[in-house]
file run31.cif (mmCIF, C-alpha atoms)
data_query
#
loop_
_atom_site.label_atom_id
_atom_site.label_comp_id
_atom_site.auth_asym_id
_atom_site.auth_seq_id
_atom_site.Cartn_x
_atom_site.Cartn_y
_atom_site.Cartn_z
CA MET A 1 0.00 0.00 0.00
CA THR A 2 1.37 3.43 -0.97
CA HIS A 3 1.33 6.50 1.32
CA LEU A 4 0.66 4.31 4.36
CA GLY A 5 2.31 6.77 6.76
CA TYR A 6 0.04 9.64 5.66
CA LEU A 7 -3.03 7.39 5.89
CA ILE A 8 -2.17 6.18 9.40
CA VAL A 9 -1.60 9.74 10.62
CA GLY A 10 -4.79 11.11 9.00
CA TRP A 11 -7.05 8.25 10.02
CA GLY A 12 -5.37 7.77 13.39
CA VAL A 13 -5.71 11.39 14.46
CA SER A 14 -9.35 11.51 13.27
CA LEU A 15 -10.41 8.37 15.13
CA ALA A 16 -8.35 9.24 18.22
CA ALA A 17 -9.80 12.77 18.36
CA GLY A 18 -13.34 11.39 18.13
CA ALA A 19 -12.66 8.81 20.85
CA ALA A 20 -10.98 11.35 23.14
CA TYR A 21 -13.84 13.84 22.76
CA ALA A 22 -16.42 11.09 23.40
CA ALA A 23 -14.55 10.02 26.56
CA ARG A 24 -14.39 13.63 27.73
CA LEU A 25 -18.14 14.09 27.20
CA ILE A 26 -18.93 10.91 29.15
CA THR A 27 -16.70 11.74 32.14
CA ARG A 28 -17.83 15.39 32.22
CA GLY A 29 -21.48 14.30 32.06
CA ARG A 30 -21.07 11.78 34.86
CA ARG A 31 -19.32 14.29 37.11
CA LEU A 32 -22.04 16.89 36.57
CA ALA A 33 -24.92 14.39 36.80
CA ALA A 34 -23.73 13.29 40.22
CA ARG A 35 -24.39 16.85 41.46
CA VAL A 36 -27.86 17.32 39.93
CA PRO A 37 -30.94 15.47 41.25
CA THR A 38 -32.52 13.00 38.84
CA ASP A 39 -35.81 14.92 38.75
CA ARG A 40 -33.95 17.84 37.15
CA ARG A 41 -32.62 15.67 34.33
CA ARG A 42 -35.55 15.58 31.93
CA TRP A 43 -34.15 12.88 29.64
CA MET A 44 -34.04 10.23 32.39
CA THR A 45 -36.65 7.48 32.26
CA ALA A 46 -38.36 6.20 35.41
CA LYS A 47 -36.29 3.00 35.17
CA ASP A 48 -33.00 4.93 34.96
CA ALA A 49 -33.94 7.01 37.97
CA SER A 50 -34.96 4.03 40.16
CA MET B 1 -30.76 10.65 47.93
CA THR B 2 -29.94 7.06 48.91
CA GLN B 3 -26.60 5.39 48.28
CA THR B 4 -28.17 3.22 45.56
CA SER B 5 -29.65 6.14 43.65
CA GLU B 6 -26.38 8.07 43.96
CA ASN B 7 -24.58 5.15 42.35
CA ALA B 8 -27.21 5.02 39.60
CA THR B 9 -26.76 8.75 39.04
CA ALA B 10 -23.01 8.47 38.73
CA ARG B 11 -23.33 5.51 36.38
CA THR B 12 -25.97 7.01 34.13
CA GLY B 13 -24.40 10.45 33.55
CA THR B 14 -25.77 12.11 30.44
CA GLY B 15 -26.44 8.80 28.71
CA SER B 16 -29.69 7.03 27.97
CA ARG B 17 -30.63 3.76 26.34
CA PHE B 18 -30.81 5.48 22.94
CA THR B 19 -27.36 7.08 23.23
CA PHE B 20 -25.89 3.78 24.43
CA TRP B 21 -27.05 1.91 21.33
CA LEU B 22 -26.19 4.85 19.10
CA GLY B 23 -22.66 4.77 20.55
CA VAL B 24 -22.43 1.02 19.88
CA ALA B 25 -23.55 1.67 16.27
CA VAL B 26 -20.88 4.40 15.87
CA ILE B 27 -18.11 2.08 17.10
CA ALA B 28 -19.31 -0.76 14.83
CA GLY B 29 -19.59 1.68 11.93
CA ALA B 30 -16.06 3.01 12.55
CA VAL B 31 -14.65 -0.54 12.47
CA ALA B 32 -16.56 -1.26 9.24
CA LEU B 33 -15.28 2.01 7.78
CA VAL B 34 -11.65 1.09 8.49
CA VAL B 35 -12.15 -2.32 6.83
CA LEU B 36 -13.94 -0.84 3.82
CA GLY B 37 -11.61 2.15 3.52
CA PHE B 38 -8.35 0.19 3.67
CA PHE B 39 -9.26 -3.17 2.11
CA ALA B 40 -12.46 -2.98 0.02
CA ALA B 41 -12.26 0.40 -1.74
CA PRO B 42 -9.90 0.43 -4.73
CA ALA B 43 -6.81 2.65 -5.07
CA ASP B 44 -7.00 5.60 -7.47
CA ASP B 45 -5.16 5.59 -10.81
CA GLU B 46 -3.52 8.98 -10.12
CA GLN B 47 -3.47 9.35 -6.33
CA ARG B 48 -3.04 5.62 -5.66
CA ASP B 49 -3.73 4.76 -1.96
CA ALA B 50 -3.62 8.40 -0.82
CA VAL B 51 -7.22 8.62 -2.08
CA ARG B 52 -8.30 6.64 1.01
CA MET B 53 -8.01 9.87 2.98
CA ILE B 54 -11.28 10.89 1.32
CA PHE B 55 -13.22 8.63 3.71
CA VAL B 56 -12.30 10.74 6.76
CA HIS B 57 -11.75 14.14 5.10
CA VAL B 58 -15.05 14.56 3.22
CA PRO B 59 -17.30 13.39 6.12
CA SER B 60 -15.45 15.80 8.47
CA ALA B 61 -16.01 18.67 6.02
CA LEU B 62 -19.71 17.85 5.52
CA LEU B 63 -20.36 17.60 9.25
CA THR B 64 -18.53 20.91 9.74
CA TYR B 65 -21.14 22.52 7.46
CA VAL B 66 -23.98 20.76 9.29
CA ALA B 67 -22.69 21.73 12.75
CA PHE B 68 -22.04 25.39 11.95
CA SER B 69 -25.38 25.66 10.10
CA MET B 70 -27.03 24.38 13.27
CA THR B 71 -25.10 26.98 15.27
CA ALA B 72 -26.39 29.66 12.89
CA VAL B 73 -30.02 28.50 13.23
CA GLY B 74 -29.66 28.30 17.02
CA SER B 75 -28.10 31.76 17.11
CA LEU B 76 -30.93 33.20 15.05
CA MET B 77 -33.53 31.56 17.28
CA TRP B 78 -31.80 32.92 20.38
CA ILE B 79 -31.78 36.47 19.00
CA TRP B 80 -35.35 36.20 17.70
CA LYS B 81 -37.14 34.16 20.38
CA ARG B 82 -34.67 34.12 23.30
CA SER B 83 -35.00 30.32 23.15
CA LEU B 84 -32.74 28.69 25.75
CA TRP B 85 -33.06 25.31 23.98
CA TRP B 86 -31.71 26.79 20.76
CA ASP B 87 -28.99 28.69 22.61
CA ILE B 88 -27.68 25.46 24.15
CA THR B 89 -28.03 23.67 20.79
CA ALA B 90 -26.01 26.42 19.05
CA HIS B 91 -23.23 26.15 21.65
CA ALA B 92 -23.11 22.33 21.49
CA ALA B 93 -23.02 22.32 17.68
CA ALA B 94 -20.25 24.95 17.66
CA GLU B 95 -18.00 22.93 19.95
CA ILE B 96 -18.44 19.74 17.92
CA GLY B 97 -18.16 21.69 14.66
CA VAL B 98 -14.79 23.11 15.70
CA ILE B 99 -13.50 19.56 16.19
CA PHE B 100 -14.79 18.52 12.75
CA CYS B 101 -13.34 21.67 11.18
CA ALA B 102 -9.94 21.03 12.81
CA LEU B 103 -10.03 17.47 11.46
CA THR B 104 -10.99 18.77 8.00
CA LEU B 105 -7.98 21.10 7.98
CA PHE B 106 -5.66 18.45 9.38
CA THR B 107 -6.68 15.55 7.11
CA GLY B 108 -6.76 17.88 4.10
CA SER B 109 -3.23 19.02 4.89
CA VAL B 110 -1.96 15.45 5.35
CA TRP B 111 -3.73 14.42 2.11
CA GLY B 112 -2.30 17.46 0.30
CA ARG B 113 1.34 16.47 0.83
CA PRO B 114 1.32 13.32 -1.38
CA THR B 115 -1.16 14.76 -3.94
CA TRP B 116 -0.18 18.47 -4.22
CA ASN B 117 3.34 18.12 -2.86
CA THR B 118 2.59 20.62 -0.09
CA TYR B 119 0.85 20.59 3.30
CA TRP B 120 -0.47 24.13 2.92
CA ASP B 121 -0.79 26.93 0.35
CA TRP B 122 -1.65 30.43 1.60
CA GLY B 123 -2.86 31.41 -1.88
CA ASP B 124 -5.48 28.64 -1.98
CA VAL B 125 -8.95 30.10 -1.37
CA ARG B 126 -10.54 26.84 -0.13
CA LEU B 127 -7.83 26.31 2.49
CA VAL B 128 -7.71 29.92 3.68
CA THR B 129 -11.50 30.40 3.87
CA THR B 130 -11.78 27.15 5.86
CA LEU B 131 -9.08 28.39 8.24
CA ILE B 132 -10.94 31.70 8.64
CA LEU B 133 -14.14 29.76 9.45
CA PHE B 134 -12.24 27.74 12.06
CA LEU B 135 -10.79 30.88 13.68
CA ILE B 136 -14.20 32.61 13.77
CA MET B 137 -15.67 29.62 15.60
CA ILE B 138 -12.72 29.53 18.02
CA GLY B 139 -13.71 33.14 18.73
CA TYR B 140 -17.30 31.96 19.27
CA LEU B 141 -16.16 29.41 21.88
CA SER B 142 -13.89 32.01 23.52
CA ILE B 143 -16.86 34.33 23.99
CA ARG B 144 -18.85 31.45 25.47
CA ALA B 145 -16.01 30.70 27.90
CA SER B 146 -15.50 34.34 28.89
CA GLY B 147 -18.26 34.27 31.53
CA GLY B 148 -20.15 37.30 32.77
CA ASP B 149 -23.82 38.02 32.15
CA GLU B 150 -25.26 34.87 30.52
CA GLU B 151 -27.79 36.61 28.29
CA ALA B 152 -25.24 39.12 26.97
CA THR B 153 -22.71 36.32 26.39
CA SER B 154 -25.27 34.29 24.43
CA THR B 155 -26.18 37.32 22.31
CA ARG B 156 -22.54 38.16 21.53
CA ALA B 157 -21.82 34.53 20.63
CA ALA B 158 -24.98 34.39 18.47
CA VAL B 159 -23.76 37.38 16.43
CA VAL B 160 -20.42 35.62 15.83
CA GLY B 161 -22.29 32.41 14.94
CA LEU B 162 -24.25 34.29 12.28
CA VAL B 163 -21.09 35.95 10.91
CA ALA B 164 -19.54 32.47 10.56
CA ALA B 165 -22.64 31.33 8.66
CA VAL B 166 -21.96 33.99 6.00
CA ASN B 167 -18.59 32.31 5.42
CA LEU B 168 -20.13 28.82 4.96
CA PRO B 169 -21.31 29.23 1.35
CA ILE B 170 -18.05 31.05 0.51
CA VAL B 171 -16.05 28.03 1.75
CA ASN B 172 -18.34 25.60 -0.05
CA ARG B 173 -18.45 27.46 -3.39
CA SER B 174 -14.84 28.70 -3.36
CA VAL B 175 -13.64 25.87 -5.64
CA GLU B 176 -16.24 26.96 -8.23
CA TRP B 177 -15.94 30.74 -7.87
CA TRP B 178 -12.12 30.86 -7.76
CA PHE B 179 -11.30 27.63 -9.61
CA ASP B 180 -8.03 29.18 -10.89
CA ARG B 181 -6.88 29.99 -7.34
CA THR B 182 -7.16 26.61 -5.67
CA LEU B 183 -5.41 23.27 -5.76
CA HIS B 184 -8.54 21.71 -4.28
CA GLN B 185 -10.67 19.45 -6.46
CA LYS B 186 -14.40 20.11 -6.95
CA SER B 187 -17.05 18.19 -5.03
CA SER B 188 -16.14 14.49 -4.88
CA LEU B 189 -19.74 13.47 -4.26
CA THR B 190 -21.33 15.26 -7.21
CA ASP B 191 -18.73 15.08 -9.96
CA GLY B 192 -19.66 11.44 -10.77
CA ASN B 193 -16.04 10.27 -11.04
CA LEU B 194 -15.97 7.95 -8.03
CA GLU B 195 -16.02 4.20 -8.48
CA ASP B 196 -18.99 2.34 -6.96
CA MET B 197 -17.10 0.87 -4.00
CA THR B 198 -15.38 4.19 -3.28
CA LEU B 199 -18.72 5.98 -3.34
CA PHE B 200 -20.31 3.33 -1.09
CA THR B 201 -17.45 3.59 1.45
CA LEU B 202 -17.71 7.38 1.37
CA VAL B 203 -21.45 7.18 2.11
CA VAL B 204 -20.69 4.79 5.02
CA GLY B 205 -18.11 7.30 6.30
CA ILE B 206 -20.63 10.13 6.16
CA ALA B 207 -23.22 7.98 7.98
CA VAL B 208 -20.73 7.08 10.75
CA TRP B 209 -19.65 10.71 11.19
CA ALA B 210 -23.31 11.83 11.21
CA ALA B 211 -24.20 9.23 13.86
CA PHE B 212 -21.23 10.37 15.97
CA PHE B 213 -22.34 13.99 15.55
CA LEU B 214 -25.85 13.10 16.79
CA TRP B 215 -24.43 11.13 19.75
CA ALA B 216 -22.07 13.97 20.70
CA MET B 217 -24.82 16.60 20.27
CA ILE B 218 -27.13 14.77 22.68
CA HIS B 219 -24.41 14.41 25.33
CA ARG B 220 -23.08 17.96 24.90
CA PHE B 221 -26.59 19.41 25.10
CA ARG B 222 -27.27 17.53 28.34
CA ILE B 223 -23.94 18.66 29.81
CA ALA B 224 -24.87 22.30 29.09
CA TRP B 225 -28.30 21.63 30.62
CA LEU B 226 -26.72 20.20 33.80
CA GLU B 227 -24.30 23.14 34.06
CA ARG B 228 -27.24 25.51 33.87
CA GLU B 229 -29.18 23.54 36.49
CA LEU B 230 -26.18 23.76 38.82
CA ARG B 231 -25.82 27.51 38.27
CA VAL B 232 -29.53 28.05 38.94
CA GLY B 233 -29.34 25.80 42.02
CA ASP B 234 -26.30 27.66 43.37
CA LEU B 235 -28.05 30.99 42.80
CA ASP B 236 -31.18 29.77 44.62
CA GLU B 237 -29.06 28.64 47.58
CA ALA B 238 -27.21 31.97 47.66
CA ILE B 239 -30.53 33.88 47.68
CA ILE B 240 -31.91 31.72 50.51
CA GLU B 241 -28.70 32.22 52.53
CA ARG B 242 -28.77 35.99 51.95
CA ARG B 243 -32.42 36.20 53.02
CA ALA B 244 -31.63 34.18 56.15
CA GLU B 245 -28.76 36.57 56.96
CA ALA B 246 -31.01 39.59 56.39
CA LEU B 247 -33.69 38.17 58.72
CA HIS B 248 -31.03 37.47 61.34
CA ASP B 249 -29.71 41.05 61.05
CA GLU B 250 -33.21 42.52 61.45
CA SER B 251 -34.18 40.41 64.49
CA PRO B 252 -34.10 42.43 67.76
CA VAL B 253 -31.27 41.77 70.17
CA LEU B 254 -32.64 40.64 73.52
#

call {"tool": "encode", "arguments": {"input": "run31.cif", "output": "structure tokens"}}
result
Amino acid sequence: MTHLGYLIVGWGVSLAAGAAYAARLITRGRRLAARVPTDRRRWMTAKDAS
Amino acid sequence: MTQTSENATARTGTGSRFTFWLGVAVIAGAVALVVLGFFAAPADDEQRDAVRMIFVHVPSALLTYVAFSMTAVGSLMWIWKRSLWWDITAHAAAEIGVIFCALTLFTGSVWGRPTWNTYWDWGDVRLVTTLILFLIMIGYLSIRASGGDEEATSTRAAVVGLVAAVNLPIVNRSVEWWFDRTLHQKSSLTDGNLEDMTLFTLVVGIAVWAAFFLWAMIHRFRIAWLERELRVGDLDEAIIERRAEALHDESPVL
């Protein structure tokens, strides 16, 4: 395969950036959610809140 | 709150059943995209394997347009209706759009080296207008992070979001309007030159990026919602404390 180095850098950075941002969103959301009561999180279902 | 519900709260975060399965679909789609992009799609006659960069570059660029268009709509709705929902949506879309825009610039630059023999060309209108768009939206996020009066901050950011929207069609049409001042090719999706498997893989890439955008939007929106709930809660507590202090000050000393 030609240009493999360029492809690994381009694809690698794209996938890593997406994964890192997703991980940041999850950890940030969990930290904040722990400080807000479930009844003030409108997206939660009754089962999630139990 | 009981210990059990606290644990449930910490575990759940901003996720829901829908976002969980959407996240699973994004991961499965990303794996499929790697397999298709590297092993199923054919190499190009001119660019050879460097053409495989198209499967991350074009979806990033398209989702940049989608995200910043959403920021523009949200900004307009904030200015027009003072809609908090749209204000949060505009902010969430801007943050995710900046990531997509950075990836567009980065993958385009990495792709440019083997195909144009340069990472960057300051005379290229597509590259420079995209960079300007990126910098405007960095300014948008800076205003959001500056703090101060929330309503004024949202209004200032909304104005910047609308200014960025003016640049969107310029970026998109630049390869047509200034075709003699760009190294960039015209639209890969509409020029009809892609082979069937390349086109299919590109559509899969766009679908995966779009699903990730939706997943990230939902989580980012909920984070902004939680931050607002905390600010409102802190303000309520401060008001109650101040009132209690005032009552204490006014009570007669016996």

call {"tool": "resolve_selection", "arguments": {"input": "run31.cif", "expression": "the PyMOL selection byres ((chain A) within 6 of (chain B))", "output": "list of chain:residue names"}}
result
A:Thr2, A:His3, A:Gly10, A:Gly29, A:Arg30, A:Ala33, A:Ala34

call {"tool": "resolve_selection", "arguments": {"input": "run31.cif", "expression": "the PyMOL selection byres ((chain B and resi 41) around 10)", "output": "JSON, numbers by chain"}}
result
{"B": [35, 36, 37, 38, 39, 40, 42, 43, 44, 49, 51, 52, 55, 195, 196, 197, 198, 199, 200, 201, 202]}

call {"tool": "residues_around", "arguments": {"input": "run31.cif", "residues": "Ala210 (chain B)", "least_positions_apart": "3", "cutoff": "10 Å", "atoms": "all atoms listed in the file", "output": "number ranges by chain"}}
result
B: 26, 59-60, 62-63, 66, 204-207, 213-216

call {"tool": "atom_distance", "arguments": {"input": "run31.cif", "atom1": "CA of Thr71 (chain B)", "atom2": "CA of Thr89 (chain B)"}}
result
7.1 Å

call {"tool": "atom_distance", "arguments": {"input": "run31.cif", "atom1": "CA of Gly29 (chain B)", "atom2": "CA of Val208 (chain B)"}}
result
5.6 Å

call {"tool": "axis_aligned_box", "arguments": {"input": "run31.cif", "around": "region 9-24 of chain A", "padding_each_side": "6 Å", "output": "JSON"}}
result
{"center_x": -9.0, "center_y": 10.8, "center_z": 18.4, "size_x": 26.8, "size_y": 18.1, "size_z": 30.7}

call {"tool": "atom_distance", "arguments": {"input": "run31.cif", "atom1": "CA of Ala94 (chain B)", "atom2": "CA of Phe68 (chain B)"}}
result
6.0 Å

call {"tool": "resolve_selection", "arguments": {"input": "run31.cif", "expression": "the PyMOL selection byres ((chain B and resi 95) around 9)", "output": "ChimeraX atom specification"}}
result
/B:67,90-94,96-99,137-138,141,220

call {"tool": "write_last_selection", "arguments": {"input": "run31.cif", "atoms": "C-alpha atoms", "output": "PDB file, in the coordinates of the input"}}
result
ATOM      1  CA  ALA B  67     -22.690  21.730  12.750  1.00  0.00           C
ATOM      2  CA  ALA B  90     -26.010  26.420  19.050  1.00  0.00           C
ATOM      3  CA  HIS B  91     -23.230  26.150  21.650  1.00  0.00           C
ATOM      4  CA  ALA B  92     -23.110  22.330  21.490  1.00  0.00           C
ATOM      5  CA  ALA B  93     -23.020  22.320  17.680  1.00  0.00           C
ATOM      6  CA  ALA B  94     -20.250  24.950  17.660  1.00  0.00           C
ATOM      7  CA  ILE B  96     -18.440  19.740  17.920  1.00  0.00           C
ATOM      8  CA  GLY B  97     -18.160  21.690  14.660  1.00  0.00           C
ATOM      9  CA  VAL B  98     -14.790  23.110  15.700  1.00  0.00           C
ATOM     10  CA  ILE B  99     -13.500  19.560  16.190  1.00  0.00           C
ATOM     11  CA  MET B 137     -15.670  29.620  15.600  1.00  0.00           C
ATOM     12  CA  ILE B 138     -12.720  29.530  18.020  1.00  0.00           C
ATOM     13  CA  LEU B 141     -16.160  29.410  21.880  1.00  0.00           C
ATOM     14  CA  ARG B 220     -23.080  17.960  24.900  1.00  0.00           C
TER      15      ARG B 220
END
